[in-house]
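File shown: start.txt (compact mmCIF, C-alpha atoms).
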```
# COMPACT_ATOMS: atom_id res chain seq x y z
CA MET E 1 -10.22 2.96 23.71
CA SER E 2 -13.51 3.84 25.34
CA LYS E 3 -15.97 1.27 26.66
CA LYS E 4 -18.24 1.63 23.69
CA GLU E 5 -15.37 1.18 21.29
CA LYS E 6 -14.27 -1.94 23.11
CA ARG E 7 -17.75 -3.40 22.80
CA VAL E 8 -17.82 -2.70 19.07
CA MET E 9 -14.38 -4.28 18.71
CA LYS E 10 -15.52 -7.43 20.50
CA LEU E 11 -18.57 -7.61 18.27
CA VAL E 12 -16.66 -7.27 15.04
CA ILE E 13 -14.01 -9.76 16.10
CA ALA E 14 -16.76 -12.26 16.84
CA PHE E 15 -18.26 -11.47 13.45
CA ALA E 16 -14.92 -12.01 11.76
CA LEU E 17 -14.35 -15.32 13.50
CA ALA E 18 -17.84 -16.50 12.65
CA PHE E 19 -17.57 -15.71 8.97
CA GLY E 20 -13.84 -16.07 8.56
CA ILE E 21 -13.51 -19.59 9.85
CA VAL E 22 -16.76 -21.24 8.85
CA PRO E 23 -15.93 -21.59 5.15
CA SER E 24 -12.49 -22.86 6.33
CA ALA E 25 -10.86 -20.26 4.19
CA TYR E 26 -7.39 -19.59 4.56
CA GLY E 27 -6.66 -15.50 0.29
CA MET E 28 -1.26 -6.92 -5.79
CA HIS E 29 -4.63 -7.02 -6.49
CA ILE E 30 -6.65 -10.01 -7.27
CA MET E 31 -8.83 -9.23 -10.22
CA GLU E 32 -12.59 -8.83 -10.12
CA GLY E 33 -14.39 -12.17 -10.14
CA TYR E 34 -11.22 -14.20 -9.74
CA LEU E 35 -11.88 -15.46 -6.23
CA PRO E 36 -14.66 -17.89 -5.37
CA VAL E 37 -17.54 -16.33 -3.39
CA GLY E 38 -16.67 -18.06 -0.12
CA TYR E 39 -13.17 -16.63 -0.15
CA CYS E 40 -14.43 -13.15 -0.96
CA ILE E 41 -16.72 -13.17 2.06
CA ALA E 42 -14.14 -14.75 4.35
CA TRP E 43 -11.40 -12.26 3.51
CA GLY E 44 -13.86 -9.42 3.79
CA ALA E 45 -14.87 -10.60 7.25
CA VAL E 46 -11.26 -10.95 8.37
CA CYS E 47 -10.68 -7.31 7.45
CA VAL E 48 -13.55 -5.93 9.50
CA PRO E 49 -11.87 -5.91 12.95
CA PHE E 50 -8.78 -4.25 11.49
CA LEU E 51 -10.90 -1.62 9.81
CA ALA E 52 -12.81 -0.99 13.03
CA ALA E 53 -9.56 -0.69 15.00
CA GLY E 54 -8.26 1.63 12.30
CA PHE E 55 -11.32 3.82 12.49
CA PHE E 56 -11.03 4.13 16.26
CA SER E 57 -7.32 4.82 16.16
CA ILE E 58 -7.75 7.55 13.57
CA ARG E 59 -10.59 9.11 15.54
CA LYS E 60 -8.61 9.02 18.75
CA ARG E 61 -5.55 10.61 17.13
CA LEU E 62 -7.63 13.37 15.60
CA GLN E 63 -9.42 14.06 18.87
CA GLU E 64 -6.12 14.28 20.71
CA ASN E 65 -4.58 16.60 18.20
CA ARG E 66 -6.23 18.07 15.13
CA LYS E 67 -2.81 18.80 13.66
CA THR E 68 -2.25 15.14 12.88
CA ILE E 69 -4.85 15.30 10.11
CA THR E 70 -2.23 16.74 7.78
CA ILE E 71 0.03 13.73 8.24
CA LEU E 72 -2.94 11.42 7.79
CA ALA E 73 -3.93 13.17 4.57
CA MET E 74 -0.36 13.00 3.30
CA SER E 75 -0.05 9.30 4.10
CA GLY E 76 -3.26 8.68 2.20
CA ALA E 77 -2.15 10.85 -0.69
CA PHE E 78 1.15 8.96 -0.82
CA ILE E 79 -0.74 5.68 -1.24
CA PHE E 80 -2.87 7.33 -3.95
CA VAL E 81 0.14 8.48 -5.93
CA ILE E 82 2.32 5.43 -5.47
CA SER E 83 -0.35 2.87 -6.24
CA SER E 84 -1.35 4.65 -9.44
CA LEU E 85 2.12 4.44 -10.93
CA LYS E 86 2.69 1.30 -12.93
CA ILE E 87 6.38 0.81 -13.24
CA PRO E 88 8.22 -1.47 -15.66
CA SER E 89 10.27 -4.13 -13.96
CA VAL E 90 13.15 -6.41 -14.83
CA THR E 91 10.86 -9.31 -15.73
CA GLY E 92 9.33 -7.41 -18.62
CA SER E 93 6.00 -6.84 -16.97
CA CYS E 94 4.63 -3.92 -14.99
CA SER E 95 3.47 -3.69 -11.45
CA HIS E 96 2.83 -0.97 -8.96
CA MET E 97 3.84 -0.27 -5.39
CA THR E 98 1.56 -0.14 -2.40
CA GLY E 99 2.71 2.98 -0.57
CA THR E 100 1.24 1.73 2.67
CA GLY E 101 4.56 1.58 4.51
CA LEU E 102 4.70 5.34 5.11
CA GLY E 103 1.31 5.50 6.79
CA ALA E 104 2.08 2.40 8.84
CA LEU E 105 5.28 3.92 10.23
CA LEU E 106 3.78 7.34 10.88
CA PHE E 107 0.26 6.55 11.93
CA GLY E 108 0.23 2.91 12.95
CA PRO E 109 -0.77 -0.07 10.83
CA SER E 110 -4.46 -0.21 11.69
CA ALA E 111 -5.07 3.36 10.54
CA VAL E 112 -3.59 2.47 7.16
CA SER E 113 -6.18 -0.24 6.64
CA ILE E 114 -8.77 2.51 6.19
CA LEU E 115 -6.56 4.58 3.88
CA GLY E 116 -5.63 1.56 1.80
CA MET E 117 -9.22 0.47 1.44
CA ILE E 118 -10.26 3.89 0.15
CA VAL E 119 -7.66 3.61 -2.59
CA LEU E 120 -8.72 0.06 -3.41
CA ILE E 121 -12.38 1.08 -3.67
CA PHE E 122 -11.43 3.95 -5.98
CA GLN E 123 -9.48 1.61 -8.23
CA ALA E 124 -12.05 -1.16 -8.14
CA ILE E 125 -14.96 1.06 -9.14
CA LEU E 126 -13.36 3.44 -11.60
CA LEU E 127 -10.40 1.58 -12.98
CA ALA E 128 -11.50 -2.03 -13.08
CA HIS E 129 -8.26 -2.65 -11.23
CA GLY E 130 -8.64 -5.11 -8.39
CA GLY E 131 -12.36 -5.51 -7.77
CA LEU E 132 -15.32 -5.11 -5.47
CA THR E 133 -15.72 -8.85 -4.95
CA THR E 134 -12.03 -9.20 -4.18
CA LEU E 135 -11.92 -6.02 -2.11
CA GLY E 136 -11.68 -7.98 1.14
CA ALA E 137 -8.77 -10.09 -0.02
CA ASN E 138 -6.95 -7.12 -1.52
CA THR E 139 -7.55 -4.97 1.55
CA PHE E 140 -6.11 -7.73 3.68
CA SER E 141 -2.94 -8.09 1.64
CA MET E 142 -2.26 -4.45 0.79
CA ALA E 143 -3.78 -2.49 3.66
CA ILE E 144 -3.41 -4.92 6.57
CA ALA E 145 -0.71 -7.57 6.12
CA GLY E 146 1.83 -5.29 4.44
CA PRO E 147 1.49 -2.37 6.87
CA PHE E 148 1.60 -4.63 9.93
CA VAL E 149 4.81 -6.24 8.70
CA SER E 150 6.31 -2.81 7.93
CA PHE E 151 5.40 -1.59 11.38
CA GLY E 152 6.75 -4.72 13.06
CA ILE E 153 10.03 -4.59 11.20
CA TYR E 154 10.48 -0.91 11.97
CA LYS E 155 9.90 -1.49 15.69
CA LEU E 156 12.23 -4.48 15.68
CA LEU E 157 15.04 -2.64 13.92
CA LYS E 158 14.54 0.32 16.23
CA MET E 159 14.97 -1.98 19.18
CA LEU E 160 18.13 -3.40 17.62
CA LYS E 161 19.31 0.21 17.22
CA VAL E 162 19.73 -0.04 13.48
CA ASN E 163 20.24 3.27 11.67
CA LYS E 164 16.88 5.02 11.38
CA LEU E 165 16.95 5.59 7.63
CA VAL E 166 17.96 1.99 7.00
CA SER E 167 15.11 0.80 9.21
CA ILE E 168 12.57 2.93 7.34
CA PHE E 169 13.87 1.67 4.01
CA LEU E 170 13.77 -1.99 5.03
CA ALA E 171 10.37 -1.69 6.69
CA ALA E 172 8.73 -0.15 3.63
CA MET E 173 10.47 -2.52 1.23
CA ILE E 174 9.67 -5.74 3.06
CA GLY E 175 6.10 -4.57 3.71
CA ASP E 176 5.63 -4.08 -0.02
CA LEU E 177 7.08 -7.49 -0.85
CA PHE E 178 5.02 -9.14 1.85
CA THR E 179 1.83 -7.70 0.34
CA TYR E 180 2.51 -9.61 -2.83
CA CYS E 181 3.47 -12.77 -0.96
CA VAL E 182 0.11 -12.65 0.78
CA THR E 183 -1.62 -12.19 -2.56
CA ALA E 184 0.19 -15.23 -3.92
CA ILE E 185 -0.89 -17.26 -0.90
CA GLN E 186 -4.46 -15.99 -1.21
CA LEU E 187 -4.57 -17.13 -4.82
CA ALA E 188 -2.93 -20.43 -3.98
CA LEU E 189 -5.52 -21.17 -1.31
CA ALA E 190 -8.29 -20.60 -3.79
CA TYR E 191 -6.50 -22.43 -6.58
CA PRO E 192 -4.42 -25.27 -5.19
CA SER E 193 -2.45 -27.09 -7.82
CA GLU E 194 -3.76 -30.56 -8.61
CA THR E 195 -0.41 -32.22 -8.26
CA GLY E 196 1.28 -30.26 -5.48
CA GLY E 197 -1.61 -28.73 -3.59
CA ILE E 198 -1.60 -25.27 -2.06
CA PHE E 199 2.15 -25.13 -1.60
CA ALA E 200 3.07 -25.85 -5.21
CA SER E 201 0.47 -23.36 -6.30
CA ALA E 202 1.82 -20.70 -3.95
CA VAL E 203 5.31 -21.17 -5.34
CA LYS E 204 3.96 -20.68 -8.85
CA PHE E 205 2.11 -17.48 -8.00
CA LEU E 206 5.11 -16.20 -6.07
CA GLY E 207 7.20 -16.87 -9.14
CA VAL E 208 4.95 -14.51 -11.07
CA PHE E 209 4.83 -11.70 -8.53
CA ALA E 210 8.09 -11.76 -6.60
CA PRO E 211 10.71 -11.04 -9.30
CA THR E 212 8.56 -8.27 -10.75
CA GLN E 213 7.94 -6.76 -7.37
CA LEU E 214 11.45 -6.83 -5.94
CA PRO E 215 12.83 -3.76 -7.77
CA LEU E 216 9.59 -1.91 -7.10
CA ALA E 217 9.81 -2.76 -3.43
CA ILE E 218 13.27 -1.18 -3.41
CA ILE E 219 11.87 1.95 -5.04
CA GLU E 220 9.09 2.06 -2.48
CA GLY E 221 11.64 1.79 0.32
CA ILE E 222 13.62 4.65 -1.21
CA LEU E 223 10.61 6.93 -1.69
CA THR E 224 9.32 6.29 1.81
CA THR E 225 12.73 7.16 3.24
CA VAL E 226 12.88 10.36 1.18
CA ILE E 227 9.41 11.47 2.29
CA ILE E 228 10.23 10.84 5.93
CA ILE E 229 13.52 12.76 5.71
CA THR E 230 11.62 15.67 4.17
CA LEU E 231 8.85 15.53 6.74
CA GLU E 232 11.34 15.43 9.59
CA THR E 233 12.91 18.57 8.24
CA TYR E 234 9.76 20.57 7.67
CA ALA E 235 7.00 19.02 9.74
CA LEU E 236 8.65 18.00 12.98
CA PRO E 237 5.78 19.28 15.18
CA GLU E 238 3.32 17.05 13.32
CA LEU E 239 5.60 14.02 13.49
CA LYS E 240 5.89 14.58 17.23
CA ALA E 241 2.13 14.82 17.45
CA VAL E 242 1.68 11.42 15.82
CA GLY E 243 4.40 10.01 18.05
CA PHE E 244 6.86 9.21 15.28
CA SER E 245 9.62 11.59 16.29
CA LYS E 246 10.65 12.02 19.89
CA GLU E 247 11.68 15.34 21.33
CA VAL E 248 15.27 15.47 20.21
CA GLN E 249 16.45 19.04 20.32
CA MET J 1 17.54 20.28 5.65
CA THR J 2 21.14 19.51 6.48
CA SER J 3 23.51 19.15 3.57
CA GLN J 4 24.09 15.51 4.46
CA ASN J 5 20.37 14.82 4.19
CA LYS J 6 20.23 16.70 0.91
CA LYS J 7 22.88 14.42 -0.50
CA ILE J 8 21.09 11.31 0.74
CA VAL J 9 17.79 12.44 -0.78
CA ALA J 10 19.37 13.30 -4.12
CA THR J 11 21.21 9.98 -4.33
CA LEU J 12 18.12 8.01 -3.38
CA LEU J 13 15.93 9.77 -5.93
CA ILE J 14 18.42 9.15 -8.72
CA LEU J 15 18.63 5.52 -7.68
CA ALA J 16 14.84 5.14 -7.67
CA PHE J 17 14.66 6.71 -11.11
CA LEU J 18 17.32 4.36 -12.46
CA ILE J 19 15.63 1.24 -11.09
CA ALA J 20 12.40 2.29 -12.78
CA ALA J 21 13.91 3.41 -16.06
CA VAL J 22 16.58 0.81 -16.75
CA PRO J 23 14.29 -2.19 -17.46
CA LEU J 24 12.49 -0.19 -20.14
CA PHE J 25 15.73 0.25 -22.08
CA ALA J 26 17.44 -2.97 -21.06
CA ILE J 27 14.74 -5.41 -22.11
CA LYS J 28 13.91 -4.47 -25.66
CA GLY J 29 10.64 -5.66 -27.12
CA ALA J 30 9.14 -6.67 -23.79
CA GLU J 31 5.42 -6.17 -23.49
CA PHE J 32 5.32 -4.69 -20.00
CA GLY J 33 1.83 -5.97 -19.36
CA GLY J 34 0.45 -5.89 -15.86
CA SER J 35 1.51 -8.58 -13.43
CA ASP J 36 -2.19 -8.90 -12.52
CA ASP J 37 -2.71 -10.39 -15.96
CA ALA J 38 0.20 -12.74 -15.45
CA GLY J 39 -1.59 -13.86 -12.29
CA SER J 40 -4.78 -14.70 -14.11
CA GLN J 41 -2.83 -16.62 -16.76
CA MET J 42 -1.30 -18.63 -13.96
CA ILE J 43 -4.77 -19.48 -12.64
CA SER J 44 -5.72 -20.85 -16.04
CA GLU J 45 -2.49 -22.82 -16.16
CA ILE J 46 -3.04 -24.40 -12.76
CA GLN J 47 -6.68 -25.15 -13.44
CA GLY J 48 -5.95 -26.48 -16.87
CA THR J 49 -8.90 -24.60 -18.34
CA GLU J 50 -9.52 -20.98 -19.17
CA TYR J 51 -10.84 -19.36 -16.01
CA GLU J 52 -14.12 -17.53 -16.39
CA PRO J 53 -14.43 -14.69 -13.83
CA TRP J 54 -17.82 -14.80 -12.17
CA PHE J 55 -18.14 -11.06 -11.73
CA THR J 56 -17.31 -8.32 -14.18
CA PRO J 57 -15.91 -5.00 -13.03
CA ILE J 58 -18.73 -2.62 -12.22
CA MET J 59 -17.52 0.01 -14.67
CA GLU J 60 -17.50 -2.50 -17.50
CA THR J 61 -21.08 -3.44 -16.69
CA PHE J 62 -22.11 0.21 -16.85
CA ILE J 63 -20.47 1.05 -20.13
CA ASP J 64 -21.06 -2.39 -21.56
CA GLY J 65 -17.53 -3.24 -22.56
CA GLU J 66 -13.96 -2.67 -21.54
CA LEU J 67 -12.85 0.73 -20.36
CA PRO J 68 -11.05 2.39 -23.30
CA GLY J 69 -7.29 2.60 -22.77
CA GLU J 70 -7.20 6.37 -23.05
CA VAL J 71 -9.95 6.83 -20.49
CA GLU J 72 -8.23 4.38 -18.18
CA SER J 73 -5.03 6.38 -18.32
CA LEU J 74 -7.08 9.51 -17.66
CA LEU J 75 -8.51 7.95 -14.52
CA PHE J 76 -5.09 6.82 -13.37
CA CYS J 77 -3.85 10.36 -13.93
CA ILE J 78 -6.70 11.73 -11.84
CA GLN J 79 -5.70 9.37 -9.06
CA THR J 80 -2.08 10.51 -9.26
CA GLY J 81 -3.20 14.11 -9.51
CA ILE J 82 -5.33 14.00 -6.41
CA GLY J 83 -2.48 12.42 -4.47
CA VAL J 84 0.20 14.80 -5.69
CA GLY J 85 -2.11 17.76 -5.08
CA VAL J 86 -2.63 16.87 -1.45
CA LEU J 87 1.05 16.08 -0.87
CA ALA J 88 2.25 19.25 -2.56
CA PHE J 89 -0.28 21.46 -0.79
CA PHE J 90 0.71 20.35 2.69
CA MET J 91 4.40 20.17 1.88
CA GLY J 92 4.27 23.74 0.58
CA ARG J 93 2.64 24.89 3.78
CA PHE J 94 5.20 23.07 5.92
CA VAL J 95 8.14 24.52 4.01
CA GLU J 96 6.80 28.06 4.24
CA ARG J 97 5.98 27.67 7.92
CA LYS J 98 9.49 26.48 8.68
CA LYS J 99 11.02 29.38 6.82
CA TRP J 100 8.85 31.79 8.75
CA GLN J 101 9.53 30.14 12.09
CA ASP J 102 13.28 30.14 11.52
CA LYS J 103 13.08 33.81 10.70
CA ALA J 104 11.10 34.57 13.85
CA LYS J 105 13.63 32.61 15.89
CA GLY J 106 16.49 34.50 14.30
CA GLU J 107 14.91 37.82 15.18
CA ARG J 108 14.36 36.82 18.76
CA VAL J 109 18.02 35.90 19.15
CA ARG J 110 19.03 39.27 17.83
```

Starting from the file, lay out its structure as structure tokens.
Amino acid sequence: MSKKEKRVMKLVIAFALAFGIVPSAYGMHIMEGYLPVGYCIAWGAVCVPFLAAGFFSIRKRLQENRKTITILAMSGAFIFVISSLKIPSVTGSCSHMTGTGLGALLFGPSAVSILGMIVLIFQAILLAHGGLTTLGANTFSMAIAGPFVSFGIYKLLKMLKVNKLVSIFLAAMIGDLFTYCVTAIQLALAYPSETGGIFASAVKFLGVFAPTQLPLAIIEGILTTVIIITLETYALPELKAVGFSKEVQ
Amino acid sequence: MTSQNKKIVATLLILAFLIAAVPLFAIKGAEFGGSDDAGSQMISEIQGTEYEPWFTPIMETFIDGELPGEVESLLFCIQTGIGVGVLAFFMGRFVERKKWQDKAKGERVR
């Protein structure tokens, strides 16, 4: 990171702390207008440093090697496809996957925050899915929390020398599930239950999202693994350029 | 692609398809509404009153009403289409490039 970038990062972190903590706010997609204003602003502010870091990391990668833009575009496209598919689940309701795991593994979690937000803006404006007021909260759960967990789990399993495909599968799956856990917590913070408080409320929201999401998370894990196997076969130079694959042969 | 990887990919894709398709046939008469809606019902339940969103989706403000179902599916299709287009374009290039590189390598060996 250059000096200028560091200064910008410091500035936005300060901004996030100022706005994120003042309203004492600790928030799938939450629908438009379903979060109180304070929470919308707070979650939006929390996202800003991640987005800034993502912007810098993408710019740095592209400056180092123009080739990586193909992988970036494909990670973004994967999120586009995957998050547009509403899939029936065992609970009798539909949900969709996040698709952010792939980008997180290939490009790093902060870069995905930008990609994820683009998709969320598209859906919020055109599809009335998610929302502009809840964009901050949704970006945090889908494009920041999920990818960071995916990335963390992948690194951890790699350290433990777990089979690579299994690690990819687990990372993408748990990242997807975690996204919805964060959403449940975000809703619970805004709507604590009268009798049990935030915790009881969180359990209730989790009860709605988790069983629906579990099979979808497995599908997401599977698809991410398949894409990475394919990319490793055909696009090894690019994967090396983004630092995902080491020189093996 | 090695034949082992081919097998893994095929098995995984079939598995993914089954997980997605089975609920549709297994649970007959289910509504398959969005889990977003289930979330908003839960908010009403916790609050005890019907929750009134304080902001309407921007598209609904423009067209003064809910987005028609058919148009919504069109927009979702466009989203999928854009994504698949980009993925397929680059994947096609990668596959061709590999074929061509392997060939070049083969010739050099000879």

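Within 12 Å of Phe178 in chain E, once only C-alpha atoms are used and residues closer than 6 positions along the same chain are dropped, the contacting residues are Met28, Met97, Thr98, Thr100, Gly101, Phe140, Ser141, Met142, Ala143, Ile144, Ala145, Gly146, Pro147, Phe148, Val149, Ser150, Ile153, Leu170, Ala171, Ala172, Ala184, Ile185, Leu206, Phe209, Ala210, Gln213, Leu214 and Ala217 of chain E.
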
Gap from CA of Phe55 in chain E to CA of Ala111 in chain E - Å, one decimal:
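Answer for the CA of Phe55 in chain E to CA of Ala111 in chain E separation: 6.6 Å.
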
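The closest residue to Val9 in chain J, picked from E:Thr230, E:Ser245, E:Leu189, E:His29 and counting all atoms listed in the file, is E:Thr230.
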
Hey, list the chain E side of the contact with chain J: 8 Å cut-off, all atoms listed in the file, answer as a VMD selection string.
chain E and resid 28 to 34 70 73 to 74 76 to 82 84 to 85 87 to 90 92 to 95 124 to 128 131 to 133 191 to 194 201 204 to 205 208 to 209 212 215 to 216 218 to 219 222 to 223 226 229 to 230 233 to 235

Using CA of Glu5 in chain E and CA of Asn138 in chain E as the two end points, give the distance in Å to one decimal.
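Separation between CA of Glu5 in chain E and CA of Asn138 in chain E: 25.7 Å.
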
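Minimum atom-to-atom distance to Leu239 in chain E, evaluated using only C-alpha atoms, belongs to E:Ile69 out of E:Ile69, E:Leu51, E:Leu165, E:Val37.
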
Working from the structure I just supplied, which lacks atoms in range 113-144 of chain E, can you model N, CA and C atoms there and output them as a PDB file, in the frame of the given file?
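File produced: selection.pdb:
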```
ATOM      1  N   SER E 113      -5.202   0.651   7.257  1.00  0.00           N
ATOM      2  CA  SER E 113      -6.180  -0.240   6.640  1.00  0.00           C
ATOM      3  C   SER E 113      -7.326   0.568   6.042  1.00  0.00           C
ATOM      4  N   ILE E 114      -7.707   1.657   6.717  1.00  0.00           N
ATOM      5  CA  ILE E 114      -8.770   2.510   6.190  1.00  0.00           C
ATOM      6  C   ILE E 114      -8.299   3.238   4.927  1.00  0.00           C
ATOM      7  N   LEU E 115      -7.102   3.834   5.032  1.00  0.00           N
ATOM      8  CA  LEU E 115      -6.560   4.580   3.880  1.00  0.00           C
ATOM      9  C   LEU E 115      -6.424   3.672   2.661  1.00  0.00           C
ATOM     10  N   GLY E 116      -5.853   2.493   2.902  1.00  0.00           N
ATOM     11  CA  GLY E 116      -5.630   1.560   1.800  1.00  0.00           C
ATOM     12  C   GLY E 116      -6.933   1.133   1.159  1.00  0.00           C
ATOM     13  N   MET E 117      -7.951   0.933   1.994  1.00  0.00           N
ATOM     14  CA  MET E 117      -9.220   0.470   1.440  1.00  0.00           C
ATOM     15  C   MET E 117      -9.850   1.550   0.566  1.00  0.00           C
ATOM     16  N   ILE E 118      -9.698   2.806   0.972  1.00  0.00           N
ATOM     17  CA  ILE E 118     -10.260   3.890   0.150  1.00  0.00           C
ATOM     18  C   ILE E 118      -9.653   3.850  -1.250  1.00  0.00           C
ATOM     19  N   VAL E 119      -8.325   3.674  -1.294  1.00  0.00           N
ATOM     20  CA  VAL E 119      -7.660   3.610  -2.590  1.00  0.00           C
ATOM     21  C   VAL E 119      -8.151   2.406  -3.391  1.00  0.00           C
ATOM     22  N   LEU E 120      -8.283   1.270  -2.715  1.00  0.00           N
ATOM     23  CA  LEU E 120      -8.720   0.060  -3.410  1.00  0.00           C
ATOM     24  C   LEU E 120     -10.134   0.207  -3.948  1.00  0.00           C
ATOM     25  N   ILE E 121     -11.011   0.870  -3.189  1.00  0.00           N
ATOM     26  CA  ILE E 121     -12.380   1.080  -3.670  1.00  0.00           C
ATOM     27  C   ILE E 121     -12.361   1.970  -4.914  1.00  0.00           C
ATOM     28  N   PHE E 122     -11.575   3.038  -4.839  1.00  0.00           N
ATOM     29  CA  PHE E 122     -11.430   3.950  -5.980  1.00  0.00           C
ATOM     30  C   PHE E 122     -11.011   3.176  -7.232  1.00  0.00           C
ATOM     31  N   GLN E 123      -9.981   2.344  -7.071  1.00  0.00           N
ATOM     32  CA  GLN E 123      -9.480   1.610  -8.230  1.00  0.00           C
ATOM     33  C   GLN E 123     -10.448   0.543  -8.706  1.00  0.00           C
ATOM     34  N   ALA E 124     -11.153  -0.071  -7.753  1.00  0.00           N
ATOM     35  CA  ALA E 124     -12.050  -1.160  -8.140  1.00  0.00           C
ATOM     36  C   ALA E 124     -13.240  -0.616  -8.915  1.00  0.00           C
ATOM     37  N   ILE E 125     -13.768   0.537  -8.484  1.00  0.00           N
ATOM     38  CA  ILE E 125     -14.960   1.060  -9.140  1.00  0.00           C
ATOM     39  C   ILE E 125     -14.614   1.742 -10.456  1.00  0.00           C
ATOM     40  N   LEU E 126     -13.625   2.621 -10.416  1.00  0.00           N
ATOM     41  CA  LEU E 126     -13.360   3.440 -11.600  1.00  0.00           C
ATOM     42  C   LEU E 126     -12.412   2.781 -12.587  1.00  0.00           C
ATOM     43  N   LEU E 127     -11.468   2.008 -12.091  1.00  0.00           N
ATOM     44  CA  LEU E 127     -10.400   1.580 -12.980  1.00  0.00           C
ATOM     45  C   LEU E 127     -10.452   0.105 -13.346  1.00  0.00           C
ATOM     46  N   ALA E 128     -11.448  -0.608 -12.838  1.00  0.00           N
ATOM     47  CA  ALA E 128     -11.500  -2.030 -13.080  1.00  0.00           C
ATOM     48  C   ALA E 128     -10.168  -2.685 -12.722  1.00  0.00           C
ATOM     49  N   HIS E 129      -9.556  -2.156 -11.682  1.00  0.00           N
ATOM     50  CA  HIS E 129      -8.260  -2.650 -11.230  1.00  0.00           C
ATOM     51  C   HIS E 129      -8.484  -3.206  -9.831  1.00  0.00           C
ATOM     52  N   GLY E 130      -8.168  -4.480  -9.621  1.00  0.00           N
ATOM     53  CA  GLY E 130      -8.640  -5.110  -8.390  1.00  0.00           C
ATOM     54  C   GLY E 130     -10.128  -5.348  -8.600  1.00  0.00           C
ATOM     55  N   GLY E 131     -10.931  -5.304  -7.547  1.00  0.00           N
ATOM     56  CA  GLY E 131     -12.360  -5.510  -7.770  1.00  0.00           C
ATOM     57  C   GLY E 131     -13.150  -5.403  -6.500  1.00  0.00           C
ATOM     58  N   LEU E 132     -14.459  -5.219  -6.658  1.00  0.00           N
ATOM     59  CA  LEU E 132     -15.320  -5.110  -5.470  1.00  0.00           C
ATOM     60  C   LEU E 132     -15.469  -6.463  -4.781  1.00  0.00           C
ATOM     61  N   THR E 133     -15.559  -7.533  -5.566  1.00  0.00           N
ATOM     62  CA  THR E 133     -15.720  -8.850  -4.950  1.00  0.00           C
ATOM     63  C   THR E 133     -14.424  -9.276  -4.256  1.00  0.00           C
ATOM     64  N   THR E 134     -13.297  -8.810  -4.780  1.00  0.00           N
ATOM     65  CA  THR E 134     -12.030  -9.200  -4.180  1.00  0.00           C
ATOM     66  C   THR E 134     -11.499  -8.124  -3.242  1.00  0.00           C
ATOM     67  N   LEU E 135     -12.349  -7.130  -2.960  1.00  0.00           N
ATOM     68  CA  LEU E 135     -11.920  -6.020  -2.110  1.00  0.00           C
ATOM     69  C   LEU E 135     -11.390  -6.504  -0.757  1.00  0.00           C
ATOM     70  N   GLY E 136     -12.098  -7.476  -0.171  1.00  0.00           N
ATOM     71  CA  GLY E 136     -11.680  -7.980   1.140  1.00  0.00           C
ATOM     72  C   GLY E 136     -10.288  -8.573   1.086  1.00  0.00           C
ATOM     73  N   ALA E 137     -10.071  -9.433   0.100  1.00  0.00           N
ATOM     74  CA  ALA E 137      -8.770 -10.090  -0.020  1.00  0.00           C
ATOM     75  C   ALA E 137      -7.673  -9.068  -0.295  1.00  0.00           C
ATOM     76  N   ASN E 138      -7.963  -8.126  -1.181  1.00  0.00           N
ATOM     77  CA  ASN E 138      -6.950  -7.120  -1.520  1.00  0.00           C
ATOM     78  C   ASN E 138      -6.686  -6.174  -0.351  1.00  0.00           C
ATOM     79  N   THR E 139      -7.748  -5.820   0.372  1.00  0.00           N
ATOM     80  CA  THR E 139      -7.550  -4.970   1.550  1.00  0.00           C
ATOM     81  C   THR E 139      -6.662  -5.696   2.545  1.00  0.00           C
ATOM     82  N   PHE E 140      -6.912  -7.000   2.711  1.00  0.00           N
ATOM     83  CA  PHE E 140      -6.110  -7.730   3.680  1.00  0.00           C
ATOM     84  C   PHE E 140      -4.636  -7.738   3.290  1.00  0.00           C
ATOM     85  N   SER E 141      -4.348  -7.996   2.022  1.00  0.00           N
ATOM     86  CA  SER E 141      -2.940  -8.090   1.640  1.00  0.00           C
ATOM     87  C   SER E 141      -2.264  -6.722   1.606  1.00  0.00           C
ATOM     88  N   MET E 142      -2.928  -5.727   0.990  1.00  0.00           N
ATOM     89  CA  MET E 142      -2.260  -4.450   0.790  1.00  0.00           C
ATOM     90  C   MET E 142      -2.384  -3.520   2.003  1.00  0.00           C
ATOM     91  N   ALA E 143      -3.553  -3.506   2.626  1.00  0.00           N
ATOM     92  CA  ALA E 143      -3.780  -2.490   3.660  1.00  0.00           C
ATOM     93  C   ALA E 143      -3.664  -3.039   5.077  1.00  0.00           C
ATOM     94  N   ILE E 144      -3.543  -4.368   5.226  1.00  0.00           N
ATOM     95  CA  ILE E 144      -3.410  -4.920   6.570  1.00  0.00           C
ATOM     96  C   ILE E 144      -2.101  -5.687   6.743  1.00  0.00           C
TER      97      ILE E 144
END
```
